[in-house]
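> So here's target09.cif (mmCIF, C-alpha atoms).
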```cif
data_target
loop_
_atom_site.label_atom_id
_atom_site.label_comp_id
_atom_site.auth_asym_id
_atom_site.auth_seq_id
_atom_site.Cartn_x
_atom_site.Cartn_y
_atom_site.Cartn_z
CA MET A 1 24.98 137.04 95.42
CA GLU A 2 27.15 134.04 96.02
CA THR A 3 29.56 134.21 98.92
CA ASP A 4 33.31 134.10 98.47
CA GLY A 5 33.23 130.74 100.20
CA THR A 6 30.84 129.30 97.63
CA LEU A 7 32.90 130.59 94.74
CA ILE A 8 36.16 129.31 96.18
CA GLU A 9 34.63 125.90 96.82
CA ARG A 10 33.35 125.75 93.24
CA SER A 11 36.72 126.84 91.89
CA ALA A 12 38.31 123.93 93.74
CA ARG A 13 35.77 121.47 92.29
CA GLY A 14 36.32 121.71 88.59
CA ARG A 15 35.54 125.36 87.89
CA PRO A 16 38.84 127.14 88.55
CA ASP A 17 37.62 130.22 86.69
CA ALA A 18 35.14 130.91 89.52
CA PHE A 19 38.11 132.12 91.53
CA VAL A 20 38.47 135.17 89.30
CA GLU A 21 35.20 136.57 90.67
CA VAL A 22 36.66 136.42 94.18
CA VAL A 23 39.70 138.33 92.98
CA SER A 24 37.58 140.96 91.27
CA ARG A 25 35.75 141.59 94.55
CA HIS A 26 38.86 142.13 96.62
CA GLU A 27 41.66 143.25 94.32
CA VAL A 28 41.44 146.92 95.27
CA ALA A 29 41.41 146.10 99.00
CA VAL A 30 44.34 143.69 98.75
CA HIS A 31 46.31 146.17 96.66
CA ALA A 32 45.62 148.84 99.28
CA PHE A 33 46.75 146.45 102.02
CA LEU A 34 50.07 146.03 100.23
CA ALA A 35 50.43 149.69 99.24
CA ARG A 36 49.84 150.95 102.78
CA ARG A 37 52.66 148.82 104.06
CA ALA A 38 55.17 148.84 101.24
CA GLY A 39 54.24 151.56 98.76
CA HIS A 40 52.57 151.43 95.36
CA GLN A 41 55.46 150.01 93.37
CA VAL A 42 55.95 147.02 95.64
CA ALA A 43 52.19 146.51 95.78
CA ALA A 44 52.05 146.37 92.00
CA ASP A 45 54.91 143.88 91.96
CA LEU A 46 53.44 141.57 94.59
CA LEU A 47 49.72 141.58 93.82
CA GLY A 48 49.95 138.82 91.21
CA GLU A 49 51.95 136.67 93.61
CA VAL A 50 49.14 136.99 96.15
CA TRP A 51 46.61 135.71 93.60
CA LEU A 52 48.81 132.81 92.60
CA ARG A 53 49.34 131.73 96.20
CA ALA A 54 45.65 132.09 97.00
CA PHE A 55 44.66 130.13 93.91
CA ALA A 56 47.13 127.37 94.72
CA GLY A 57 45.92 127.20 98.32
CA ARG A 58 42.18 127.51 97.73
CA GLY A 59 41.59 123.84 98.44
CA GLY A 60 42.27 124.53 102.09
CA TYR A 61 39.74 127.35 102.36
CA ASP A 62 36.80 126.67 104.65
CA PRO A 63 33.71 127.70 102.61
CA ALA A 64 31.84 128.31 105.85
CA TYR A 65 33.62 131.67 105.92
CA PRO A 66 31.65 133.85 103.51
CA ASP A 67 34.14 136.71 103.33
CA ALA A 68 37.58 135.83 101.93
CA ARG A 69 39.21 139.12 102.84
CA PRO A 70 40.88 137.98 106.06
CA TRP A 71 42.26 134.94 104.27
CA LEU A 72 43.54 137.04 101.37
CA PHE A 73 45.08 139.61 103.72
CA GLY A 74 46.84 136.79 105.52
CA ILE A 75 48.32 135.59 102.24
CA ALA A 76 49.26 139.15 101.29
CA ARG A 77 50.99 139.53 104.64
CA ASN A 78 53.02 136.37 104.04
CA VAL A 79 53.99 137.56 100.57
CA LEU A 80 55.04 140.90 102.03
CA ARG A 81 57.12 139.23 104.72
CA ALA A 82 58.86 137.09 102.13
CA HIS A 83 59.54 140.22 100.10
CA TRP A 84 61.03 142.04 103.07
CA ARG A 85 63.07 139.02 103.99
CA ALA A 86 64.43 138.79 100.46
CA SER A 87 65.14 142.53 100.47
CA ARG A 88 67.28 142.04 103.54
CA GLY A 89 69.11 139.26 101.77
CA ASP A 90 68.59 136.59 104.36
CA ASN A 91 66.64 133.38 104.52
CA HIS A 92 65.60 133.08 108.13
CA ALA A 93 62.66 130.84 108.74
CA PRO A 94 59.48 132.58 109.80
CA GLY A 95 59.48 133.18 113.51
CA GLY A 96 57.57 135.01 116.17
CA ALA A 97 57.57 138.49 117.56
CA THR A 98 61.34 138.84 117.34
CA GLU A 99 61.30 138.43 113.61
CA GLU A 100 58.28 140.71 113.37
CA SER A 101 60.15 143.40 115.22
CA ALA A 102 63.20 142.93 113.04
CA LEU A 103 61.11 143.17 109.93
CA ALA A 104 59.46 146.31 111.18
CA GLN A 105 62.84 147.90 111.64
CA ALA A 106 64.21 146.68 108.34
CA GLN A 107 65.36 149.01 105.64
CA THR A 108 62.02 148.73 103.91
CA ASP A 109 60.06 149.69 106.99
CA PRO A 110 56.62 150.68 105.68
CA TRP A 111 56.47 153.58 108.09
CA ASP A 112 58.97 155.49 106.02
CA ASP A 113 56.42 155.43 103.22
CA VAL A 114 53.62 156.41 105.55
CA VAL A 115 55.53 159.39 106.93
CA ASP A 116 56.30 160.52 103.40
CA ARG A 117 52.60 160.78 102.72
CA LEU A 118 51.81 162.89 105.75
CA ASP A 119 50.94 166.53 105.61
CA SER A 120 52.71 168.97 107.87
CA ALA A 121 50.24 168.64 110.68
CA THR A 122 52.30 168.01 113.78
CA ARG A 123 49.59 166.03 115.48
CA VAL A 124 49.41 163.51 112.69
CA ARG A 125 53.17 163.10 112.72
CA ALA A 126 53.07 162.57 116.46
CA LEU A 127 50.47 159.88 115.98
CA ALA A 128 52.58 158.23 113.27
CA SER A 129 55.54 158.18 115.61
CA ALA A 130 53.44 156.67 118.37
CA VAL A 131 52.18 153.94 116.04
CA ARG A 132 55.70 153.25 114.90
CA ALA A 133 56.78 152.78 118.51
CA LEU A 134 54.19 150.08 119.11
CA PRO A 135 55.35 146.46 119.23
CA ALA A 136 54.91 145.03 115.72
CA GLU A 137 52.33 142.45 116.80
CA GLU A 138 50.14 145.14 118.38
CA ARG A 139 50.55 147.45 115.41
CA ASP A 140 49.51 144.67 113.04
CA VAL A 141 46.17 144.18 114.77
CA LEU A 142 45.55 147.91 115.16
CA LEU A 143 46.12 148.60 111.48
CA LEU A 144 44.06 145.68 110.28
CA VAL A 145 41.15 147.15 112.24
CA ALA A 146 41.81 150.82 111.45
CA TRP A 147 42.96 150.53 107.85
CA GLU A 148 41.40 147.37 106.49
CA GLN A 149 38.17 147.77 108.49
CA LEU A 150 38.36 144.23 109.84
CA THR A 151 36.82 143.08 113.08
CA PRO A 152 39.24 141.89 115.77
CA ALA A 153 38.10 138.33 115.01
CA GLN A 154 38.95 138.76 111.33
CA ALA A 155 42.29 140.30 112.24
CA ALA A 156 42.99 137.19 114.31
CA THR A 157 42.38 135.08 111.19
CA VAL A 158 44.83 137.17 109.18
CA LEU A 159 47.51 136.83 111.82
CA GLY A 160 46.82 133.23 112.71
CA VAL A 161 46.35 133.96 116.40
CA PRO A 162 43.44 133.28 118.80
CA GLN A 163 40.73 135.93 118.86
CA GLY A 164 41.43 136.72 122.49
CA THR A 165 45.05 137.42 121.65
CA ALA A 166 44.06 139.80 118.87
CA ARG A 167 41.62 141.60 121.16
CA SER A 168 44.17 142.06 123.92
CA ARG A 169 46.79 143.31 121.46
CA LEU A 170 44.27 145.80 120.08
CA HIS A 171 43.38 146.93 123.59
CA ARG A 172 47.05 147.49 124.43
CA ALA A 173 47.68 149.37 121.20
CA ARG A 174 44.71 151.67 121.73
CA ALA A 175 45.74 152.29 125.32
CA ALA A 176 49.25 153.22 124.19
CA LEU A 177 47.94 155.70 121.64
CA ARG A 178 45.32 157.27 123.84
CA PRO A 179 47.67 159.82 125.47
CA VAL A 180 48.77 161.05 122.05
CA LEU A 181 45.20 161.42 120.92
CA ALA A 182 44.24 163.13 124.17
CA GLU A 183 46.98 165.72 123.61
CA GLU A 184 45.56 166.45 120.20
CA GLU A 185 42.18 167.21 121.66
CA THR A 186 43.44 169.76 124.19
CA MET B 1 36.78 153.48 114.68
CA THR B 2 35.40 156.92 115.36
CA GLN B 3 36.92 160.28 116.21
CA PRO B 4 39.66 160.85 117.22
CA TRP B 5 40.79 157.59 115.63
CA SER B 6 40.05 159.04 112.22
CA ASP B 7 43.58 160.46 112.18
CA LEU B 8 44.86 156.92 112.32
CA GLU B 9 42.67 155.99 109.36
CA ARG B 10 44.08 159.00 107.54
CA LEU B 11 47.56 157.61 107.90
CA GLY B 12 46.47 154.62 105.88
CA GLN B 13 44.92 156.45 102.97
CA VAL B 14 46.27 155.37 99.60
CA THR B 15 45.13 156.23 96.13
CA PRO B 16 43.44 153.47 94.13
CA PRO B 17 45.77 151.67 91.72
CA PRO B 18 45.63 152.23 87.98
CA ARG B 19 43.47 149.66 86.21
CA ALA B 20 46.56 148.35 84.41
CA VAL B 21 48.11 147.25 87.71
CA LEU B 22 45.08 145.18 88.62
CA ASP B 23 44.85 143.74 85.10
CA ALA B 24 48.50 142.70 85.09
CA ALA B 25 48.05 140.80 88.34
CA ARG B 26 44.89 139.17 87.02
CA GLU B 27 46.71 137.98 83.94
CA LEU B 28 49.00 135.92 86.13
CA LEU B 29 45.96 134.38 87.75
CA TRP B 30 44.28 133.71 84.41
CA ALA B 31 47.38 131.89 83.23
CA ALA B 32 47.18 129.59 86.27
CA VAL B 33 43.43 129.13 85.78
CA ALA B 34 43.87 128.31 82.08
CA THR B 35 46.62 125.82 82.83
CA GLU B 36 44.45 124.02 85.36
CA MET B 37 41.44 124.00 83.02
CA LEU B 38 43.51 122.54 80.23
CA ASP B 39 44.92 119.92 82.57
CA THR B 40 41.43 119.01 83.79
CA HIS B 41 39.61 118.99 80.48
CA GLY B 42 42.46 117.62 78.45
CA ARG B 43 42.56 114.33 80.34
CA GLY B 44 40.31 111.35 79.91
CA GLU B 45 38.86 109.35 82.75
CA SER B 46 42.07 107.38 83.03
CA GLY B 47 43.86 110.58 83.89
CA GLN B 48 45.83 110.41 80.66
CA ILE B 49 45.70 113.23 78.16
CA THR B 50 43.43 112.32 75.24
CA GLN B 51 44.74 112.07 71.72
CA ARG B 52 42.24 114.70 70.62
CA GLU B 53 43.49 117.14 73.25
CA ALA B 54 47.11 116.37 72.47
CA ASP B 55 46.44 117.16 68.82
CA ARG B 56 44.63 120.35 69.74
CA GLN B 57 47.45 121.51 71.99
CA GLN B 58 49.98 120.84 69.29
CA ARG B 59 48.02 122.78 66.69
CA ALA B 60 47.10 125.86 68.67
CA PRO B 61 49.13 127.99 71.06
CA ARG B 62 47.60 128.46 74.49
CA ARG B 63 45.23 131.37 74.78
CA LEU B 64 43.95 132.93 77.94
CA PRO B 65 40.20 133.01 78.47
CA PRO B 66 38.68 136.46 78.10
CA ASP B 67 38.73 138.54 81.25
CA PRO B 68 35.11 139.04 82.32
CA GLY B 69 36.08 142.06 84.36
CA ALA B 70 37.71 143.88 81.48
#
```
What is this file in structure tokens?

Amino acid sequence: METDGTLIERSARGRPDAFVEVVSRHEVAVHAFLARRAGHQVAADLLGEVWLRAFAGRGGYDPAYPDARPWLFGIARNVLRAHWRASRGDNHAPGGATEESALAQAQTDPWDDVVDRLDSATRVRALASAVRALPAEERDVLLLVAWEQLTPAQAATVLGVPQGTARSRLHRARAALRPVLAEEET
Amino acid sequence: MTQPWSDLERLGQVTPPPRAVLDAARELLWAAVATEMLDTHGRGESGQITQREADRQQRAPRRLPPDPGA
């Protein structure tokens, strides 16, 4: 089977339709990425925008990377941020952790949707609260690993940070959650 | 991640989307793909659109290629 990298490279060299195969491989995963963070309706609204941005930017994809998921998740994340920014009615330029934190606390905070889906188990709610309390940049890495099944290196690609940074954020996030999980086990 | 991290994975469980949601998003992509294919194949070596292609575009409305995943 051809890698995503091969297909994307071909799509950029005169066979744009080859890109559709890449989409067919990852559309459920990218939809889930969006739905986990913003709910199903928003995910349905934004999925097409993710494909259009990816298609327009495919010329910059390094075909040495066989799996396009981290790249697509990164685009989906940018689309989601733009959506949240628009929902807040402002036009601030993308920034660092401060903006991330602000976005996480915005009216459309994805954790409201997550909590809605929870059952009544107290321990799961406690865990959700603990995750919500994490700094946004640590939570991002944690959820990319736990929910999207990415490696820390792939999560770094999504977030556009060095691998070491992603690993240390993941370490801090896990350490912060460990007491909550330990309580559950006793 | 393994136990007890499975609870964290549980928090992220979502139901798969209806097929129609995926198809609607793909249609947007197909429109972009079709536009680029027409632009590429409708131009001669000089980069100008050929008379034959111009005639064809005038005669027929644009149609999307069939979706191979449908």
> Could you list, as a count of residues only, the residues of chain B having an atom within 9 Å of chain A when counting only C-alpha atoms?
33
> Give as a JSON list (two decimals) with C-alpha atoms, in the frame of the given file the residues that the PyMOL selection byres ((chain A and resi 138) around 9) matches when applied to the coordinates above.

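Wrote selection-v2.json, looks like this:
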```
[["chain", "number", "residue", "atom", "x", "y", "z"],
["A", 134, "LEU", "CA", 54.19, 150.08, 119.11],
["A", 135, "PRO", "CA", 55.35, 146.46, 119.23],
["A", 136, "ALA", "CA", 54.91, 145.03, 115.72],
["A", 137, "GLU", "CA", 52.33, 142.45, 116.80],
["A", 139, "ARG", "CA", 50.55, 147.45, 115.41],
["A", 140, "ASP", "CA", 49.51, 144.67, 113.04],
["A", 141, "VAL", "CA", 46.17, 144.18, 114.77],
["A", 142, "LEU", "CA", 45.55, 147.91, 115.16],
["A", 143, "LEU", "CA", 46.12, 148.60, 111.48],
["A", 166, "ALA", "CA", 44.06, 139.80, 118.87],
["A", 168, "SER", "CA", 44.17, 142.06, 123.92],
["A", 169, "ARG", "CA", 46.79, 143.31, 121.46],
["A", 170, "LEU", "CA", 44.27, 145.80, 120.08],
["A", 171, "HIS", "CA", 43.38, 146.93, 123.59],
["A", 172, "ARG", "CA", 47.05, 147.49, 124.43],
["A", 173, "ALA", "CA", 47.68, 149.37, 121.20]]
```
> Apply the PyMOL selection byres ((chain A and resi 71) around 10) to the file shown and report the selected residues as a list in words.
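After applying the PyMOL selection byres ((chain A and resi 71) around 10), what remains is Ala54, Arg58, Tyr61, Asp62, Tyr65, Asp67, Ala68, Arg69, Pro70, Leu72, Phe73, Gly74, Ile75, Ala76, Arg77, Gln154, Ala155, Thr157, Val158, Leu159 and Gly160 of chain A.
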> Can you work out the spacing between CA of Val180 (chain A) and CA of Leu144 (chain A) in Å, to one decimal?
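CA of Leu144 (chain A) lies at a distance of 19.9 Å from CA of Val180 (chain A).
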> Would you mind reading off the distance between CA of Ala64 (chain A) and CA of Arg10 (chain A), one decimal, in Å?
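Computing it gives 13.0 Å between the two atoms.
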